[in-house]
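> Contents of input_20.cif (mmCIF, C-alpha atoms) are below:
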```cif
data_final
#
loop_
_atom_site.label_atom_id
_atom_site.label_comp_id
_atom_site.auth_asym_id
_atom_site.auth_seq_id
_atom_site.Cartn_x
_atom_site.Cartn_y
_atom_site.Cartn_z
CA MET H 1 0.00 0.00 0.00
CA GLU H 2 1.09 3.57 -0.63
CA LYS H 3 2.00 5.67 2.35
CA PRO H 4 -1.17 7.36 3.68
CA VAL H 5 -1.51 11.10 3.32
CA LEU H 6 -3.77 12.12 6.16
CA PRO H 7 -5.26 15.53 6.95
CA GLU H 8 -4.27 16.94 10.32
CA ARG H 9 -7.91 16.75 11.36
CA LEU H 10 -11.14 16.17 9.49
CA SER H 11 -13.73 18.92 9.91
CA GLY H 12 -16.55 18.39 12.39
CA LYS H 13 -16.72 15.43 14.73
CA PRO H 14 -14.00 12.87 14.00
CA LEU H 15 -14.90 9.92 11.78
CA ILE H 16 -14.02 6.72 13.64
CA ALA H 17 -13.93 3.43 11.74
CA ILE H 18 -14.99 0.56 14.02
CA THR H 19 -14.18 -2.98 12.91
CA ILE H 20 -16.38 -5.76 14.35
CA GLY H 21 -13.55 -8.25 14.93
CA ASP H 22 -14.05 -12.02 14.80
CA PRO H 23 -17.69 -12.77 13.83
CA ALA H 24 -17.73 -15.79 16.18
CA GLY H 25 -16.74 -13.73 19.23
CA ILE H 26 -18.32 -10.91 21.22
CA GLY H 27 -17.03 -8.17 18.89
CA PRO H 28 -20.22 -7.77 16.82
CA GLU H 29 -22.34 -7.77 19.99
CA ILE H 30 -20.37 -5.07 21.79
CA VAL H 31 -20.17 -2.94 18.64
CA CYS H 32 -23.96 -3.02 18.27
CA LYS H 33 -24.46 -2.33 21.99
CA ALA H 34 -22.00 0.57 21.88
CA ILE H 35 -23.88 2.11 18.95
CA ALA H 36 -27.23 1.54 20.68
CA HIS H 37 -25.92 3.15 23.88
CA GLY H 38 -25.65 6.42 21.97
CA GLU H 39 -22.94 8.16 24.04
CA ILE H 40 -20.27 8.00 21.35
CA PHE H 41 -22.40 10.05 18.92
CA GLU H 42 -21.81 13.09 21.14
CA ILE H 43 -18.11 13.08 20.29
CA CYS H 44 -17.67 11.31 16.95
CA ARG H 45 -19.24 9.88 13.80
CA PRO H 46 -18.86 6.09 13.99
CA VAL H 47 -18.58 4.04 10.79
CA VAL H 48 -18.83 0.27 11.30
CA ILE H 49 -16.94 -2.13 9.04
CA GLY H 50 -18.34 -5.64 9.07
CA ASP H 51 -20.95 -7.97 7.64
CA ARG H 52 -24.62 -7.08 7.50
CA LYS H 53 -25.97 -10.51 8.39
CA ILE H 54 -23.69 -10.68 11.43
CA ILE H 55 -24.83 -7.24 12.59
CA GLN H 56 -28.49 -8.10 12.03
CA ARG H 57 -28.12 -11.25 14.13
CA GLU H 58 -26.78 -9.24 17.07
CA ILE H 59 -29.48 -6.59 16.80
CA TYR H 60 -32.15 -9.30 16.85
CA ARG H 61 -30.63 -11.48 19.59
CA ASN H 62 -29.97 -8.52 21.88
CA LYS H 63 -33.30 -6.80 21.17
CA LEU H 64 -31.63 -3.53 20.19
CA SER H 65 -33.47 -0.58 18.66
CA LEU H 66 -31.10 -0.03 15.79
CA ASP H 67 -31.42 0.61 12.09
CA ILE H 68 -28.74 -0.14 9.51
CA THR H 69 -27.72 2.25 6.76
CA LEU H 70 -25.44 0.65 4.19
CA ILE H 71 -22.75 2.98 2.89
CA GLU H 72 -20.28 2.39 0.08
CA GLY H 73 -17.61 4.68 1.41
CA VAL H 74 -16.88 7.59 3.74
CA ASN H 75 -16.76 11.30 3.05
CA GLU H 76 -16.05 14.26 5.26
CA GLU H 77 -19.62 15.57 5.03
CA MET H 78 -21.36 12.33 6.05
CA GLU H 79 -23.77 12.43 8.95
CA SER H 80 -24.08 9.86 11.71
CA THR H 81 -27.14 9.66 13.93
CA SER H 82 -27.87 7.87 17.18
CA GLY H 83 -29.89 4.70 16.77
CA ASN H 84 -28.43 3.99 13.36
CA ILE H 85 -25.44 1.93 12.27
CA SER H 86 -23.60 3.37 9.27
CA LEU H 87 -22.23 0.10 7.91
CA ILE H 88 -19.70 -0.75 5.24
CA ASP H 89 -20.87 -4.26 4.46
CA LEU H 90 -18.12 -6.53 3.17
CA GLY H 91 -20.45 -9.55 3.13
CA ASN H 92 -17.48 -11.81 3.73
CA ALA H 93 -18.26 -13.84 6.86
CA ASP H 94 -19.32 -17.48 6.78
CA ASP H 95 -23.11 -17.66 6.79
CA LEU H 96 -23.90 -17.02 10.47
CA PRO H 97 -20.91 -18.86 11.91
CA ASP H 98 -21.21 -20.74 15.19
CA TYR H 99 -20.43 -18.69 18.26
CA GLY H 100 -17.27 -19.43 20.18
CA LYS H 101 -15.53 -21.58 17.56
CA ILE H 102 -12.10 -21.19 15.98
CA CYS H 103 -12.83 -20.65 12.32
CA GLY H 104 -10.53 -19.82 9.43
CA GLY H 105 -13.36 -18.11 7.58
CA CYS H 106 -13.99 -15.82 10.56
CA GLY H 107 -10.29 -15.09 10.83
CA ARG H 108 -10.16 -14.15 7.16
CA ALA H 109 -13.25 -11.92 7.54
CA ALA H 110 -11.74 -10.17 10.56
CA TYR H 111 -8.53 -9.55 8.62
CA GLU H 112 -10.47 -8.09 5.68
CA TYR H 113 -12.29 -5.65 7.99
CA LEU H 114 -8.86 -4.36 9.00
CA GLU H 115 -7.79 -4.16 5.36
CA LYS H 116 -10.79 -1.96 4.65
CA ALA H 117 -10.03 0.28 7.63
CA ALA H 118 -6.42 0.62 6.46
CA GLU H 119 -7.65 1.50 2.96
CA LEU H 120 -9.84 4.29 4.37
CA ALA H 121 -6.88 5.53 6.43
CA GLN H 122 -4.65 5.48 3.36
CA LYS H 123 -7.13 7.68 1.52
CA GLY H 124 -7.44 10.11 4.43
CA LYS H 125 -11.13 9.34 4.89
CA ILE H 126 -11.16 8.61 8.63
CA SER H 127 -9.72 10.15 11.78
CA ALA H 128 -8.90 6.96 13.69
CA ILE H 129 -9.62 3.22 13.89
CA THR H 130 -11.21 1.36 16.80
CA THR H 131 -11.05 -2.42 16.72
CA ALA H 132 -13.18 -5.10 18.36
CA PRO H 133 -11.22 -8.25 19.29
CA ILE H 134 -9.91 -10.84 16.88
CA ASN H 135 -8.95 -14.42 17.69
CA LYS H 136 -5.31 -15.29 17.07
CA MET H 137 -6.05 -18.96 16.38
CA SER H 138 -8.72 -18.07 13.82
CA ILE H 139 -6.33 -15.60 12.21
CA LYS H 140 -3.72 -18.35 12.04
CA ALA H 141 -6.28 -20.79 10.59
CA ALA H 142 -6.97 -18.23 7.87
CA GLY H 143 -3.30 -18.24 6.89
CA VAL H 144 -2.72 -14.65 7.98
CA PRO H 145 0.99 -14.40 8.91
CA PHE H 146 0.61 -11.99 11.83
CA ALA H 147 0.05 -12.43 15.57
CA GLY H 148 -2.49 -9.67 16.17
CA HIS H 149 -3.98 -6.29 15.37
CA THR H 150 -0.80 -4.31 15.91
CA GLU H 151 1.26 -6.42 13.55
CA ILE H 152 -1.50 -6.55 10.91
CA LEU H 153 -2.11 -2.81 10.83
CA GLY H 154 1.60 -2.08 11.03
CA SER H 155 2.11 -4.16 7.90
CA LEU H 156 -0.89 -2.70 6.07
CA LEU H 157 0.13 0.87 6.86
CA GLY H 158 3.87 0.46 6.44
CA ALA H 159 4.75 1.18 10.07
CA ARG H 160 7.87 -0.35 11.63
CA ASP H 161 7.24 -1.93 15.04
CA PRO H 162 4.27 0.23 16.17
CA LEU H 163 4.03 1.20 19.82
CA THR H 164 1.35 -0.19 22.10
CA MET H 165 0.14 2.02 24.94
CA PHE H 166 -2.49 1.18 27.57
CA GLU H 167 -4.41 4.10 29.01
CA ILE H 168 -7.03 4.45 31.69
CA ALA H 169 -8.81 7.73 30.86
CA GLY H 170 -5.65 9.76 31.39
CA GLU H 171 -4.99 8.29 34.87
CA LEU H 172 -2.28 5.88 33.79
CA ARG H 173 -0.40 5.35 30.52
CA VAL H 174 1.85 2.36 29.94
CA PHE H 175 4.07 1.50 26.96
CA PHE H 176 5.52 -1.98 26.38
CA LEU H 177 9.07 -2.83 25.39
CA SER H 178 7.83 -6.18 24.06
CA ARG H 179 4.42 -7.70 23.38
CA HIS H 180 3.42 -11.19 22.28
CA ILE H 181 6.52 -13.24 22.96
CA SER H 182 7.57 -15.61 25.73
CA LEU H 183 8.74 -14.15 29.01
CA MET H 184 12.24 -15.59 28.52
CA GLU H 185 12.49 -13.94 25.10
CA ALA H 186 11.13 -10.68 26.55
CA CYS H 187 13.91 -10.66 29.14
CA ARG H 188 16.47 -11.17 26.39
CA MET H 189 15.10 -8.07 24.64
CA VAL H 190 15.94 -5.80 27.60
CA LYS H 191 18.93 -4.23 25.85
CA ARG H 192 20.31 -0.71 25.94
CA ASP H 193 19.76 0.12 22.28
CA ARG H 194 16.18 -1.17 22.25
CA ILE H 195 15.29 0.63 25.48
CA PHE H 196 16.79 3.88 24.22
CA ASP H 197 14.91 3.56 20.93
CA TYR H 198 11.65 2.98 22.80
CA ILE H 199 12.19 5.93 25.13
CA VAL H 200 12.69 8.17 22.09
CA ARG H 201 9.58 6.76 20.42
CA CYS H 202 7.49 6.99 23.59
CA ASP H 203 8.46 10.65 23.90
CA ALA H 204 7.41 11.24 20.28
CA ALA H 205 4.14 9.36 20.85
CA LEU H 206 3.22 11.52 23.83
CA LYS H 207 3.90 14.60 21.70
CA GLN H 208 1.64 13.09 19.00
CA LEU H 209 -1.15 12.79 21.57
CA ASP H 210 -0.60 16.45 22.51
CA ILE H 211 -0.83 15.67 26.22
CA GLU H 212 -0.87 18.78 28.38
CA GLN H 213 1.32 19.23 31.47
CA ARG H 214 3.98 16.75 30.38
CA ARG H 215 5.87 15.01 33.16
CA PRO H 216 8.82 12.61 32.89
CA ILE H 217 8.60 9.19 31.31
CA GLY H 218 9.20 6.56 33.98
CA VAL H 219 11.14 3.42 33.07
CA ALA H 220 10.29 0.27 35.01
CA ALA H 221 12.97 -2.03 36.34
CA LEU H 222 13.08 -5.65 35.21
CA ASN H 223 14.31 -7.33 38.39
CA PRO H 224 12.95 -7.20 41.97
CA HIS H 225 14.03 -4.02 43.76
CA GLY H 226 15.72 -2.85 40.58
CA GLY H 227 18.29 -5.64 40.85
CA GLU H 228 19.67 -4.41 44.21
CA GLY H 229 22.93 -3.23 42.66
CA GLY H 230 23.43 -6.46 40.75
CA LEU H 231 22.48 -8.91 43.51
CA PHE H 232 19.24 -9.89 41.72
CA GLY H 233 20.37 -9.39 38.12
CA ARG H 234 22.51 -6.94 36.16
CA GLU H 235 20.00 -5.78 33.53
CA GLU H 236 19.43 -2.50 35.36
CA LEU H 237 23.16 -1.74 35.62
CA ASP H 238 24.22 -2.95 32.18
CA GLU H 239 21.23 -2.10 29.98
CA ILE H 240 18.48 0.06 31.49
CA ILE H 241 20.52 2.75 33.28
CA PRO H 242 22.79 3.36 30.25
CA ALA H 243 19.72 3.68 28.01
CA VAL H 244 18.05 6.17 30.38
CA GLU H 245 21.25 8.21 30.70
CA LEU H 246 21.68 8.34 26.92
CA ALA H 247 18.06 9.49 26.48
CA ARG H 248 18.56 12.24 29.07
CA GLN H 249 21.68 13.37 27.20
CA LYS H 250 19.43 13.72 24.14
CA GLY H 251 17.13 16.05 26.05
CA ILE H 252 14.33 13.62 26.94
CA ASP H 253 12.76 13.96 30.40
CA VAL H 254 12.98 10.38 31.66
CA LEU H 255 13.63 8.71 35.02
CA GLY H 256 14.46 5.13 35.98
CA PRO H 257 14.78 2.32 36.42
CA ILE H 258 12.18 2.26 39.20
CA GLY H 259 10.90 -0.96 40.77
CA ALA H 260 7.78 -2.34 39.10
CA ASP H 261 6.12 -2.68 42.50
CA SER H 262 6.18 1.12 42.89
CA ILE H 263 6.31 2.82 39.51
CA PHE H 264 2.71 2.29 38.43
CA SER H 265 1.33 3.67 41.68
CA MET H 266 3.65 6.65 41.34
CA ALA H 267 2.45 7.23 37.77
CA ARG H 268 -1.19 7.12 38.84
CA ARG H 269 -0.44 9.79 41.43
CA GLY H 270 0.97 12.03 38.70
CA ALA H 271 4.72 11.46 38.86
CA PHE H 272 4.97 10.39 35.20
CA SER H 273 3.19 11.08 31.95
CA ALA H 274 3.72 7.42 31.07
CA VAL H 275 5.62 4.31 32.11
CA LEU H 276 7.76 2.14 29.85
CA SER H 277 7.11 -1.43 30.97
CA MET H 278 9.82 -4.03 30.34
CA TYR H 279 7.41 -6.75 29.18
CA HIS H 280 3.77 -7.53 28.41
CA ASP H 281 2.35 -8.72 31.74
CA GLN H 282 4.29 -6.24 33.87
CA GLY H 283 2.17 -3.40 32.50
CA HIS H 284 -1.01 -5.35 31.73
CA ILE H 285 -1.43 -6.50 35.32
CA ALA H 286 -1.08 -2.95 36.64
CA THR H 287 -3.62 -1.39 34.27
CA LYS H 288 -6.18 -4.18 34.27
CA THR H 289 -6.13 -4.47 38.05
CA LEU H 290 -6.69 -0.74 38.38
CA ASP H 291 -9.69 -0.67 36.02
CA PHE H 292 -10.30 -3.53 33.61
CA GLU H 293 -13.37 -1.98 31.95
CA ARG H 294 -11.76 1.37 31.19
CA THR H 295 -8.30 0.19 30.11
CA VAL H 296 -7.91 1.05 26.43
CA SER H 297 -5.18 -0.17 24.10
CA ILE H 298 -3.78 2.57 21.85
CA THR H 299 -1.47 1.85 18.93
CA LEU H 300 0.89 4.69 18.04
CA GLY H 301 3.74 5.08 15.61
CA MET H 302 1.46 4.49 12.61
CA PRO H 303 0.10 7.05 10.14
CA ILE H 304 -3.25 6.84 11.98
CA LEU H 305 -4.25 6.26 15.58
CA ARG H 306 -5.80 2.93 16.51
CA THR H 307 -7.59 2.13 19.76
CA SER H 308 -8.95 -1.17 20.99
CA VAL H 309 -10.53 -2.99 23.88
CA ASP H 310 -8.12 -4.67 26.29
CA HIS H 311 -9.94 -8.02 26.20
CA GLY H 312 -10.29 -10.88 23.75
CA THR H 313 -13.08 -12.51 21.78
CA ALA H 314 -14.51 -14.15 24.94
CA PHE H 315 -15.65 -17.27 23.08
CA ASP H 316 -17.04 -18.63 26.37
CA ILE H 317 -19.80 -16.00 26.49
CA ALA H 318 -20.23 -15.23 22.78
CA GLY H 319 -23.86 -15.38 21.72
CA ARG H 320 -25.24 -15.24 25.27
CA GLY H 321 -26.09 -11.53 25.16
CA ILE H 322 -24.13 -10.68 28.32
CA ALA H 323 -21.04 -9.00 26.85
CA ASP H 324 -20.38 -5.55 28.32
CA PRO H 325 -19.69 -2.79 25.74
CA THR H 326 -18.11 -0.39 28.27
CA ASN H 327 -14.54 -1.09 27.19
CA LEU H 328 -15.37 -0.57 23.52
CA ILE H 329 -17.16 2.69 24.31
CA GLU H 330 -14.05 3.87 26.18
CA ALA H 331 -11.89 2.86 23.20
CA VAL H 332 -14.02 4.91 20.81
CA LYS H 333 -13.94 7.86 23.20
CA ALA H 334 -10.13 7.66 23.34
CA ALA H 335 -9.96 7.56 19.54
CA ALA H 336 -12.13 10.65 19.33
CA ARG H 337 -10.23 12.44 22.12
CA TYR H 338 -6.86 12.06 20.41
CA SER H 339 -7.99 12.49 16.78
#
```
Show me, as structure tokens, the structure contained in the file I just sent.


Amino acid sequence: MEKPVLPERLSGKPLIAITIGDPAGIGPEIVCKAIAHGEIFEICRPVVIGDRKIIQREIYRNKLSLDITLIEGVNEEMESTSGNISLIDLGNADDLPDYGKICGGCGRAAYEYLEKAAELAQKGKISAITTAPINKMSIKAAGVPFAGHTEILGSLLGARDPLTMFEIAGELRVFFLSRHISLMEACRMVKRDRIFDYIVRCDAALKQLDIEQRRPIGVAALNPHGGEGGLFGREELDEIIPAVELARQKGIDVLGPIGADSIFSMARRGAFSAVLSMYHDQGHIATKTLDFERTVSITLGMPILRTSVDHGTAFDIAGRGIADPTNLIEAVKAAARYS
């Protein structure tokens, strides 16, 4: 794909493309419930990318008062009204697939929703993308050679190693030095050059979000008590401290390493604009324990902002009508806030 040429901001309320995720999971349900809730229409114009028959099933099963307007594309003047789903219908899902089942056809459909969102981004038609969850096994069954949303959209939009940030409504922001790899491999990636690169990119990402009252970036330690001067590991001495010192020499306001048992609490109290976590679960546990429903995943370092829920396809409850749309609503609100 050609490199997207995006306007700084579309006129009026931002246009947010919402992909429905895996058709066999809770994605279509929470998208329909979020639209029916109506709150997001106060701050944006949502455009849903999915499959009409899948959407109709969720409207019927959940007894939602929603109409569907099929649209071929998106333009800056388009209107979006509460109680109505503006839908780009790709018609590509298996005919009403079974809930809660790994399915290559569903994985392929979910991937194609993302392709369409990337195409709209490339053409400068949307302000941001919000994604409902996909299933990694279904994606794999479809032959898609990527682990998740971040990798897929990074490839489609030509972005090298996009940044993932978790945010809880401005209370806590966490970046991740590594994502979907084993813990042993994550520890091996705690290297000076990578940490320095991520500090630089985290600083740029916070500038992209135009966050007011910037405070330092806090860098989490890897080992207990920051390694206790090498007693519990030398990663802090040999890799993290040199990276932080180099970043400070380059003019970046950054502090660390600080023990992971303290840094997230400090950040919530306002000590840091964001924390750079050394691995996936270190930051996920902190944010999801604080507020699971409001933790939003934000992908930066791409030509367009992408937000997402912080949960999966929840195959165990798919089709039961009990999925909570709160997290998706928060994700759309974050997309609109930063667009």

> Got a sec to resolve the PyMOL selection byres ((chain H and resi 87-103) around 7) on this structure and send the residues as number ranges by chain?

H: 24-25, 47-52, 54, 68-73, 85-86, 104-107, 109, 137-138, 141, 315-316, 318-319

> Between CA of Ile285 (chain H) and CA of Ala260 (chain H), what is the distance, to one decimal in Å?

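Calculated distance between CA of Ile285 (chain H) and CA of Ala260 (chain H) is 10.8 Å.
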
> Any chance you could work out the residue set of the PyMOL selection byres ((chain H and resi 148) around 9) here, as a compact mmCIF listing (two decimals) with C-alpha atoms, in the frame of the given file?


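After the write, expr.txt holds the following:
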```txt
# COMPACT_ATOMS: atom_id res chain seq x y z
CA ILE H 134 -9.91 -10.84 16.88
CA ASN H 135 -8.95 -14.42 17.69
CA LYS H 136 -5.31 -15.29 17.07
CA ILE H 139 -6.33 -15.60 12.21
CA PHE H 146 0.61 -11.99 11.83
CA ALA H 147 0.05 -12.43 15.57
CA HIS H 149 -3.98 -6.29 15.37
CA THR H 150 -0.80 -4.31 15.91
CA GLU H 151 1.26 -6.42 13.55
CA ILE H 152 -1.50 -6.55 10.91
CA LEU H 153 -2.11 -2.81 10.83
CA HIS H 180 3.42 -11.19 22.28
```

> Smallest atom-to-atom distance to Met189 (chain H): which of H:Ala128, H:Glu235, H:Arg215, H:Gly230, using only C-alpha atoms?

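The closest residue to Met189 (chain H) is H:Glu235.
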
> Please measure the separation of CA of Ile217 (chain H) and CA of Asp253 (chain H), giving the value in Å to one decimal.

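It comes out at 6.4 Å.
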
> Using the chain letters and numbers from the file, give me the residues hit by the PyMOL selection byres ((chain H and resi 169) around 9), as a VMD selection string.

chain H and resid 167 to 168 170 to 173 294 to 296 330 334

> Would you mind reading off the distance between CA of Lys125 (chain H) and CA of Ile304 (chain H), one decimal, in Å?

10.9 Å

> Which residue is closest to Gly154 (chain H)? Choose from H:Ile30, H:Leu231, H:Leu305, H:Ala36 and count all atoms listed in the file.

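Ranked by minimum distance to Gly154 (chain H), first place goes to H:Leu305.
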
> Point out the residue among H:Asn223, H:Ser297, H:Thr131, H:Ser262 with the least atom-to-atom distance to Glu236 (chain H), counting only C-alpha atoms.

H:Asn223

> In terms of the shortest atom-to-atom distance over all atoms listed in the file, which of H:Ala17, H:Ala274, H:Val144, H:Ile26 is closest to His311 (chain H)?

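Nearest to His311 (chain H): H:Ile26.
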
> Excluding region 200-208 of chain H and its own-chain neighbours fewer than 2 positions away, which residues fall within 12 Å of it when counting only C-alpha atoms? Please give them as a ChimeraX atom specification.

/H:8,160-165,167,170,173-177,193-198,210-219,243-244,246-254,272-277,298-305,338-339

> Write the residues you've just listed into a file as a PDB file, in the frame of the given file, and include C-alpha atoms for each of them.


```
ATOM      1  CA  GLU H   8      -4.270  16.940  10.320  1.00  0.00           C
ATOM      2  CA  ARG H 160       7.870  -0.350  11.630  1.00  0.00           C
ATOM      3  CA  ASP H 161       7.240  -1.930  15.040  1.00  0.00           C
ATOM      4  CA  PRO H 162       4.270   0.230  16.170  1.00  0.00           C
ATOM      5  CA  LEU H 163       4.030   1.200  19.820  1.00  0.00           C
ATOM      6  CA  THR H 164       1.350  -0.190  22.100  1.00  0.00           C
ATOM      7  CA  MET H 165       0.140   2.020  24.940  1.00  0.00           C
ATOM      8  CA  GLU H 167      -4.410   4.100  29.010  1.00  0.00           C
ATOM      9  CA  GLY H 170      -5.650   9.760  31.390  1.00  0.00           C
ATOM     10  CA  ARG H 173      -0.400   5.350  30.520  1.00  0.00           C
ATOM     11  CA  VAL H 174       1.850   2.360  29.940  1.00  0.00           C
ATOM     12  CA  PHE H 175       4.070   1.500  26.960  1.00  0.00           C
ATOM     13  CA  PHE H 176       5.520  -1.980  26.380  1.00  0.00           C
ATOM     14  CA  LEU H 177       9.070  -2.830  25.390  1.00  0.00           C
ATOM     15  CA  ASP H 193      19.760   0.120  22.280  1.00  0.00           C
ATOM     16  CA  ARG H 194      16.180  -1.170  22.250  1.00  0.00           C
ATOM     17  CA  ILE H 195      15.290   0.630  25.480  1.00  0.00           C
ATOM     18  CA  PHE H 196      16.790   3.880  24.220  1.00  0.00           C
ATOM     19  CA  ASP H 197      14.910   3.560  20.930  1.00  0.00           C
ATOM     20  CA  TYR H 198      11.650   2.980  22.800  1.00  0.00           C
ATOM     21  CA  ASP H 210      -0.600  16.450  22.510  1.00  0.00           C
ATOM     22  CA  ILE H 211      -0.830  15.670  26.220  1.00  0.00           C
ATOM     23  CA  GLU H 212      -0.870  18.780  28.380  1.00  0.00           C
ATOM     24  CA  GLN H 213       1.320  19.230  31.470  1.00  0.00           C
ATOM     25  CA  ARG H 214       3.980  16.750  30.380  1.00  0.00           C
ATOM     26  CA  ARG H 215       5.870  15.010  33.160  1.00  0.00           C
ATOM     27  CA  PRO H 216       8.820  12.610  32.890  1.00  0.00           C
ATOM     28  CA  ILE H 217       8.600   9.190  31.310  1.00  0.00           C
ATOM     29  CA  GLY H 218       9.200   6.560  33.980  1.00  0.00           C
ATOM     30  CA  VAL H 219      11.140   3.420  33.070  1.00  0.00           C
ATOM     31  CA  ALA H 243      19.720   3.680  28.010  1.00  0.00           C
ATOM     32  CA  VAL H 244      18.050   6.170  30.380  1.00  0.00           C
ATOM     33  CA  LEU H 246      21.680   8.340  26.920  1.00  0.00           C
ATOM     34  CA  ALA H 247      18.060   9.490  26.480  1.00  0.00           C
ATOM     35  CA  ARG H 248      18.560  12.240  29.070  1.00  0.00           C
ATOM     36  CA  GLN H 249      21.680  13.370  27.200  1.00  0.00           C
ATOM     37  CA  LYS H 250      19.430  13.720  24.140  1.00  0.00           C
ATOM     38  CA  GLY H 251      17.130  16.050  26.050  1.00  0.00           C
ATOM     39  CA  ILE H 252      14.330  13.620  26.940  1.00  0.00           C
ATOM     40  CA  ASP H 253      12.760  13.960  30.400  1.00  0.00           C
ATOM     41  CA  VAL H 254      12.980  10.380  31.660  1.00  0.00           C
ATOM     42  CA  PHE H 272       4.970  10.390  35.200  1.00  0.00           C
ATOM     43  CA  SER H 273       3.190  11.080  31.950  1.00  0.00           C
ATOM     44  CA  ALA H 274       3.720   7.420  31.070  1.00  0.00           C
ATOM     45  CA  VAL H 275       5.620   4.310  32.110  1.00  0.00           C
ATOM     46  CA  LEU H 276       7.760   2.140  29.850  1.00  0.00           C
ATOM     47  CA  SER H 277       7.110  -1.430  30.970  1.00  0.00           C
ATOM     48  CA  ILE H 298      -3.780   2.570  21.850  1.00  0.00           C
ATOM     49  CA  THR H 299      -1.470   1.850  18.930  1.00  0.00           C
ATOM     50  CA  LEU H 300       0.890   4.690  18.040  1.00  0.00           C
ATOM     51  CA  GLY H 301       3.740   5.080  15.610  1.00  0.00           C
ATOM     52  CA  MET H 302       1.460   4.490  12.610  1.00  0.00           C
ATOM     53  CA  PRO H 303       0.100   7.050  10.140  1.00  0.00           C
ATOM     54  CA  ILE H 304      -3.250   6.840  11.980  1.00  0.00           C
ATOM     55  CA  LEU H 305      -4.250   6.260  15.580  1.00  0.00           C
ATOM     56  CA  TYR H 338      -6.860  12.060  20.410  1.00  0.00           C
ATOM     57  CA  SER H 339      -7.990  12.490  16.780  1.00  0.00           C
TER      58      SER H 339
END
```

> Kindly indicate which residue among H:Leu156, H:Ala314, H:Cys187, H:Ala331 lies nearest to Pro28 (chain H), using only C-alpha atoms for the distances.

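For Pro28 (chain H), the nearest of the given residues is H:Ala314.
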
> Using all atoms listed in the file, find the one residue out of H:Thr287, H:Pro133, H:Arg320, H:Ile241 that sits nearest to Gly27 (chain H).

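Under the stated criterion, the closest residue is H:Pro133.
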
> Could you give me the centre and size, in Å to one decimal, of an axis-aligned box around all listed atoms of region 218-231 of chain H with 3 Å added on every side, as AutoDock Vina command-line options?


```
--center_x 16.3 --center_y -1.2 --center_z 38.6 --size_x 20.2 --size_y 21.5 --size_z 17.1
```

> Compile a residue-level contact table for region 195-234 of chain H against region 278-284 of chain H at a cut-off of 8 Å, reporting for every qualifying residue the shortest atom pair and its distance in Å to one decimal, with all atoms listed in the file counted, rows ordered by chain and ascending number, as CSV.


```
residue,atom,partner,partner_atom,distance
H:Ala220,CA,H:Met278,CA,6.4
H:Ala221,CA,H:Met278,CA,7.1
H:Leu222,CA,H:Met278,CA,6.1
```

> Complete the atom set of region 147-155 of chain H to N, CA, C and O atoms and return it as a PDB file, in the frame of the given file.


```
ATOM      1  N   ALA H 147       0.523 -11.972  14.258  1.00  0.00           N
ATOM      2  CA  ALA H 147       0.050 -12.430  15.570  1.00  0.00           C
ATOM      3  C   ALA H 147      -1.190 -11.688  16.051  1.00  0.00           C
ATOM      4  O   ALA H 147      -1.977 -12.226  16.821  1.00  0.00           O
ATOM      5  N   GLY H 148      -1.370 -10.437  15.646  1.00  0.00           N
ATOM      6  CA  GLY H 148      -2.490  -9.670  16.170  1.00  0.00           C
ATOM      7  C   GLY H 148      -2.705  -8.377  15.430  1.00  0.00           C
ATOM      8  O   GLY H 148      -2.084  -8.100  14.398  1.00  0.00           O
ATOM      9  N   HIS H 149      -3.601  -7.560  15.995  1.00  0.00           N
ATOM     10  CA  HIS H 149      -3.980  -6.290  15.370  1.00  0.00           C
ATOM     11  C   HIS H 149      -2.775  -5.394  15.067  1.00  0.00           C
ATOM     12  O   HIS H 149      -2.672  -4.818  13.984  1.00  0.00           O
ATOM     13  N   THR H 150      -1.909  -5.237  16.059  1.00  0.00           N
ATOM     14  CA  THR H 150      -0.800  -4.310  15.910  1.00  0.00           C
ATOM     15  C   THR H 150       0.082  -4.677  14.726  1.00  0.00           C
ATOM     16  O   THR H 150       0.457  -3.817  13.911  1.00  0.00           O
ATOM     17  N   GLU H 151       0.397  -5.964  14.634  1.00  0.00           N
ATOM     18  CA  GLU H 151       1.260  -6.420  13.550  1.00  0.00           C
ATOM     19  C   GLU H 151       0.557  -6.311  12.194  1.00  0.00           C
ATOM     20  O   GLU H 151       1.173  -5.941  11.186  1.00  0.00           O
ATOM     21  N   ILE H 152      -0.738  -6.629  12.166  1.00  0.00           N
ATOM     22  CA  ILE H 152      -1.500  -6.550  10.910  1.00  0.00           C
ATOM     23  C   ILE H 152      -1.555  -5.114  10.403  1.00  0.00           C
ATOM     24  O   ILE H 152      -1.222  -4.824   9.245  1.00  0.00           O
ATOM     25  N   LEU H 153      -1.978  -4.197  11.269  1.00  0.00           N
ATOM     26  CA  LEU H 153      -2.110  -2.810  10.830  1.00  0.00           C
ATOM     27  C   LEU H 153      -0.752  -2.181  10.557  1.00  0.00           C
ATOM     28  O   LEU H 153      -0.611  -1.357   9.643  1.00  0.00           O
ATOM     29  N   GLY H 154       0.259  -2.578  11.326  1.00  0.00           N
ATOM     30  CA  GLY H 154       1.600  -2.080  11.030  1.00  0.00           C
ATOM     31  C   GLY H 154       2.042  -2.462   9.640  1.00  0.00           C
ATOM     32  O   GLY H 154       2.615  -1.652   8.901  1.00  0.00           O
ATOM     33  N   SER H 155       1.755  -3.707   9.246  1.00  0.00           N
ATOM     34  CA  SER H 155       2.110  -4.160   7.900  1.00  0.00           C
ATOM     35  C   SER H 155       1.291  -3.439   6.835  1.00  0.00           C
ATOM     36  O   SER H 155       1.823  -2.975   5.828  1.00  0.00           O
TER      37      SER H 155
END
```
